[in-house]
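A.B. asks: Dropping the structure in here first, questions after.
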Amino acid sequence: MARRLVPILILLVLSMPLAAETPAEKGLRVAKAADRRDSGWKDQTADLIMILRNRRGNESRRRIRTKTLEMQNDGDKSLSLFDEPADVKGTAMLTFSHGLRPDDQWLYLPALKRVKRITSRNKSGPFVGSEFAFEDLGSQEVEKYRYQYLREEACGKGWRCHVVERIPAYKYSGYSRQVGWVDTKEYRRVKLEFYDRKGAHLKTLKWKGYKSYRLSTGNYWRADEMFMQNHQTGKSTTLKWSNYRFDTGLSSGDFNKNALARLR
Amino acid sequence: MNLVKRLLPALSITLASAAYPLDWSGNLAVEARIFPSAARWSEQKNSGLSLSFQPELRHQWHDGKRGLTFIPFLRIDSTDEERTHADIREFKYLHVADGWEIRAGIDKVFWGVTESQHLVDIVNQTDLIENIDGEDKLGQPMVRVTRVLGNGAIDLFLLPWFRERTFPGAEGRLRTPLVVDTDRARYESDLEQRHFDYALRWNQTIGPVDAALSWFHGTARAPDLVPDTQAGATQNGASGLIPYYPLLRQAGLEFQYTGEAWLWKLEAVHRDTKGKDYRAAVGGFEYTFVGIHDTPLDLGVLAEYNYDSRRLDANSPFQNDLFIGTRLTFNDTQSSELLAGGFFDLDYHSRSFRVEASRRIGQSYKLSVEGQLFLDMASRDPLAAFAADDFIRIELTRYF
């Protein structure tokens, strides 16, 4: 009798950590897996067109060239260079993101040739008048949120998705929580819902047109389009990405505040 | 086949340069200036229209590591013939090598962190007839060698030619009671405009601090204005003012601490000219309230104190002045913003106020409005010359 019980007991003990994984642990595990799945591309450049739409459907356009440098033990370094609207052409923004610590940020104003260090408290403010807040476009580090696994469900195109709630752990966020859908196979982000400080549903972001880019370190998925709908104001913003390039040989020297003046 | 082989390299060069085409942009602006108070001098007008044109041509190749830039500037002014002027703002070649950058030609650089005054900024001459805020600069011939550091750099500037400051003519507003005769500028150096100036600057980011130290040796950018008592002098002794440019050595410090909502800023200089040396500083803070009342609006509050050790003998109007200002950023699609501020002179008790507002119209126009008031001007304050020159400036710019 005892002999027959031992294997069962061993099996029970072995399966206990899995069964005892709390929703918080599972949420964190999914976030870490997604982060691992998208690491190793070293650097990335891409062109971005933003289309801002107001309630009446009037459109306004921004064109931005972006460069990102993947950092191993810190948040990524990124550069945004504006080509449109014409009055801000040549304006550049350099960001060193740091997870929970405040980001370092410099702005280059071409008319004055002035490089200005700016405060990074404005996480919840709109980025160039769009429906994207600075925090929506910032480097997505795992430690920036606390997670809660909600469920797994179908999420279109025959994909299955992990549905994970995340609560910002950094200061000055404009959100009480976010709910994200990420596919179970390749960890592609599909949808993200934003809830304002009062808990009301504020915005929904959807990713479309995924393509995979094969590098020696793996293949990476990037969406051609991101669509943000603000449910409270009726305004929306579309981001159209093109010319993705990876591992182009950028180094931290390209992400120097003194280099901002010679970008265009 | 042979022909194809020979043509291929030529073709690929053509294609390579097509990948980095000539980038052409710039702006065209129409400006109206209105002076509500009657002019003090009979030649002056109470309003004026002006047109400015600044095309910008850029060509980059070798992955942006080589570049040519050409930016001419032209203004045609309806009232002041001195304000009708042309300049080459930039005409330079850029060469980027591993850890080094070299720029040669006519260029523009900015040094500094404060808002009320740009004290340390000395490389480029001020194009004063453009605007009295001192933010418009003339192109400066230079060779600039940059050694790139971690998040900083060391710059060496070789400045072989001096640019004279521009001043309004007799018909212009915002001028000294006696007109500055820029054709008769005098210099301490016998080499005059050919005096070889140089400058060095080190800048570095250390955590939340951005700091810079600089050194300049050459002809002062701000002239002393000396009454002309010679040719054509009138009964009261002088017919005009002559700019006199002394030689100057300047050591400069820039400091900014960036917190989450606070910016603390300081600029300080020690200047050494023949017969006198003096110190000047400007320092203060900017605090930003983000998203006031759950709107996208940001409100900044600024205060800066301006000091000059020459005090009442200073040729600068900011010898013991407090600046208090506010910046309103709407964060809307049109990038609307408003900056309002006042200088309070603690010696002369004179005050001046300035409001600047701008907003994009459509995709490629921008409307800017600027207003300036000079109040209770004491006669010894250098700003007293502008006592009757309160103005409103409206500018519509088309960017392309």
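Starting from 1 in every chain, residues are counted up; chains themselves are A, B, ... following the order of the structure tokens, and ligands are numbered from 1 as listed.
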Considering only C-alpha atoms, extract the chain B residues located within 6 Å of chain A and return them as a PyMOL selection string.
C.D. replies: chain B and resi 110+151+260-261+296+331-333+363-364+399-400
A.B. asks: Can you tell me which residues surround Val301 of chain B at a distance of at most 6 Å, considering only C-alpha atoms, apart from same-chain residues fewer than 2 positions away, and format the answer as a list of chain:residue names?
C.D. replies: B:Glu286, B:Tyr287, B:Thr326
A.B. asks: Given only C-alpha atoms as the basis, pick out the residue of B:Gly64, B:Gly259, B:Gly112, B:Pro72 nearest to Arg101 of chain A.
C.D. replies: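 Selected residue with least distance to Arg101 of chain A: B:Gly259.
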A.B. asks: Which polymer residues have any atom within 10 Å of an atom of Gly57 of chain A, counting only C-alpha atoms, with same-chain residues fewer than 5 positions away left out, as number ranges by chain?
C.D. replies: A: 52, 234-236
A.B. asks: Mind checking which residues fall within 10 Å of Gln232 of chain A, counting only C-alpha atoms, ignoring those fewer than 4 positions away in the same chain, and posting them as a PDB file with C-alpha atoms, in the first residue's frame?
C.D. replies:
ATOM      1  CA  ALA A 200     -13.257  54.247 -16.487  1.00  0.00           C
ATOM      2  CA  HIS A 201     -12.380  52.730 -19.877  1.00  0.00           C
ATOM      3  CA  LEU A 202     -10.371  55.494 -21.608  1.00  0.00           C
ATOM      4  CA  LYS A 203      -8.672  54.067 -24.691  1.00  0.00           C
TER       5      LYS A 203
END
A.B. asks: Quick check for you: according to DSSP on this backbone, which residues of segment 21-169 of chain B are classed as strand (DSSP E or B)? Reply as a PyMOL selection string.
C.D. replies: chain B and resi 23-34+47-61+66-77+85-97+100-107+126+137+140-149+152-159
A.B. asks: I'd like the neighbourhood of segment 337-341 of chain B as a ChimeraX atom specification, where a residue qualifies if any of its atoms comes within 10 Å (using only C-alpha atoms), though same-chain residues fewer than 5 positions away should be ignored.
C.D. replies: /B:116,297-303,323-332,352-360,368-372
A.B. asks: For the selection you just gave me, I'd like the residues written to a file as an mmCIF file, in the first residue's frame, keeping N, CA and C atoms.
C.D. replies:
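selection.cif written:
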data_model
loop_
_atom_site.group_PDB
_atom_site.id
_atom_site.type_symbol
_atom_site.label_atom_id
_atom_site.label_comp_id
_atom_site.auth_asym_id
_atom_site.auth_seq_id
_atom_site.Cartn_x
_atom_site.Cartn_y
_atom_site.Cartn_z
ATOM 1 N N SER B 116 15.711 83.617 -19.278
ATOM 2 C CA SER B 116 15.539 85.069 -19.307
ATOM 3 C C SER B 116 16.660 85.775 -20.038
ATOM 4 N N LEU B 297 -3.225 70.168 -20.384
ATOM 5 C CA LEU B 297 -2.429 71.380 -20.206
ATOM 6 C C LEU B 297 -1.286 71.205 -19.198
ATOM 7 N N ASP B 298 -0.101 71.719 -19.582
ATOM 8 C CA ASP B 298 1.014 71.802 -18.636
ATOM 9 C C ASP B 298 1.261 73.269 -18.332
ATOM 10 N N LEU B 299 1.484 73.550 -17.061
ATOM 11 C CA LEU B 299 1.754 74.928 -16.659
ATOM 12 C C LEU B 299 3.119 74.974 -15.981
ATOM 13 N N GLY B 300 3.995 75.802 -16.526
ATOM 14 C CA GLY B 300 5.323 75.959 -15.939
ATOM 15 C C GLY B 300 5.446 77.315 -15.272
ATOM 16 N N VAL B 301 6.128 77.338 -14.137
ATOM 17 C CA VAL B 301 6.390 78.599 -13.441
ATOM 18 C C VAL B 301 7.897 78.789 -13.390
ATOM 19 N N LEU B 302 8.365 79.943 -13.840
ATOM 20 C CA LEU B 302 9.793 80.200 -13.917
ATOM 21 C C LEU B 302 10.168 81.420 -13.088
ATOM 22 N N ALA B 303 11.312 81.363 -12.444
ATOM 23 C CA ALA B 303 11.867 82.552 -11.791
ATOM 24 C C ALA B 303 13.379 82.488 -11.952
ATOM 25 N N PHE B 323 13.448 87.937 -12.943
ATOM 26 C CA PHE B 323 12.537 87.558 -14.015
ATOM 27 C C PHE B 323 11.549 86.544 -13.457
ATOM 28 N N ILE B 324 10.263 86.783 -13.694
ATOM 29 C CA ILE B 324 9.228 85.829 -13.285
ATOM 30 C C ILE B 324 8.358 85.549 -14.498
ATOM 31 N N GLY B 325 8.148 84.283 -14.781
ATOM 32 C CA GLY B 325 7.395 83.966 -15.989
ATOM 33 C C GLY B 325 6.562 82.718 -15.847
ATOM 34 N N THR B 326 5.728 82.492 -16.845
ATOM 35 C CA THR B 326 4.914 81.296 -16.860
ATOM 36 C C THR B 326 4.827 80.769 -18.285
ATOM 37 N N ARG B 327 4.805 79.439 -18.386
ATOM 38 C CA ARG B 327 4.752 78.807 -19.695
ATOM 39 C C ARG B 327 3.548 77.875 -19.719
ATOM 40 N N LEU B 328 2.679 78.067 -20.697
ATOM 41 C CA LEU B 328 1.482 77.247 -20.807
ATOM 42 C C LEU B 328 1.595 76.428 -22.087
ATOM 43 N N THR B 329 1.623 75.098 -21.944
ATOM 44 C CA THR B 329 1.716 74.223 -23.103
ATOM 45 C C THR B 329 0.401 73.479 -23.219
ATOM 46 N N PHE B 330 -0.273 73.651 -24.359
ATOM 47 C CA PHE B 330 -1.617 73.091 -24.497
ATOM 48 C C PHE B 330 -1.612 71.613 -24.883
ATOM 49 N N ASN B 331 -0.482 71.123 -25.427
ATOM 50 C CA ASN B 331 -0.369 69.719 -25.873
ATOM 51 C C ASN B 331 -1.493 69.324 -26.818
ATOM 52 N N ASP B 332 -1.911 70.268 -27.662
ATOM 53 C CA ASP B 332 -2.979 69.984 -28.620
ATOM 54 C C ASP B 332 -2.367 69.693 -29.998
ATOM 55 N N SER B 352 9.583 95.421 -17.385
ATOM 56 C CA SER B 352 9.214 95.148 -18.776
ATOM 57 C C SER B 352 8.524 93.788 -18.827
ATOM 58 N N PHE B 353 7.486 93.716 -19.646
ATOM 59 C CA PHE B 353 6.698 92.484 -19.742
ATOM 60 C C PHE B 353 6.668 92.003 -21.184
ATOM 61 N N ARG B 354 6.658 90.688 -21.324
ATOM 62 C CA ARG B 354 6.640 90.114 -22.666
ATOM 63 C C ARG B 354 5.709 88.906 -22.702
ATOM 64 N N VAL B 355 4.912 88.817 -23.756
ATOM 65 C CA VAL B 355 4.043 87.662 -23.969
ATOM 66 C C VAL B 355 4.352 87.109 -25.350
ATOM 67 N N GLU B 356 4.524 85.799 -25.436
ATOM 68 C CA GLU B 356 4.738 85.155 -26.733
ATOM 69 C C GLU B 356 3.755 84.004 -26.839
ATOM 70 N N ALA B 357 3.019 83.959 -27.943
ATOM 71 C CA ALA B 357 2.068 82.863 -28.144
ATOM 72 C C ALA B 357 2.198 82.365 -29.565
ATOM 73 N N SER B 358 2.038 81.053 -29.754
ATOM 74 C CA SER B 358 2.095 80.533 -31.113
ATOM 75 C C SER B 358 1.195 79.318 -31.258
ATOM 76 N N ARG B 359 0.794 79.082 -32.511
ATOM 77 C CA ARG B 359 -0.133 78.004 -32.812
ATOM 78 C C ARG B 359 0.018 77.624 -34.278
ATOM 79 N N ARG B 360 0.050 76.317 -34.551
ATOM 80 C CA ARG B 360 0.118 75.867 -35.931
ATOM 81 C C ARG B 360 -1.261 76.007 -36.567
ATOM 82 N N SER B 368 2.392 83.434 -34.929
ATOM 83 C CA SER B 368 3.027 83.819 -33.671
ATOM 84 C C SER B 368 2.650 85.253 -33.343
ATOM 85 N N VAL B 369 2.365 85.495 -32.089
ATOM 86 C CA VAL B 369 2.044 86.841 -31.622
ATOM 87 C C VAL B 369 2.947 87.138 -30.440
ATOM 88 N N GLU B 370 3.489 88.335 -30.448
ATOM 89 C CA GLU B 370 4.417 88.717 -29.394
ATOM 90 C C GLU B 370 4.036 90.121 -28.946
ATOM 91 N N GLY B 371 4.037 90.363 -27.654
ATOM 92 C CA GLY B 371 3.747 91.701 -27.158
ATOM 93 C C GLY B 371 4.772 92.094 -26.125
ATOM 94 N N GLN B 372 5.173 93.359 -26.125
ATOM 95 C CA GLN B 372 6.167 93.807 -25.151
ATOM 96 C C GLN B 372 5.763 95.165 -24.597
#
A.B. asks: For a quick check of understanding, using only C-alpha atoms, which of A:Arg36, A:Ser139, A:Lys240, A:Arg56 has the smallest distance to Leu79 of chain A?
C.D. replies: A:Ser139
A.B. asks: Which is closer to Tyr220 of chain A than all the others in A:Ile51, A:Leu137, A:Ala34, A:Leu109, using only C-alpha atoms?
C.D. replies: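 With only C-alpha atoms as the atom set, the closest residue is A:Ala34.
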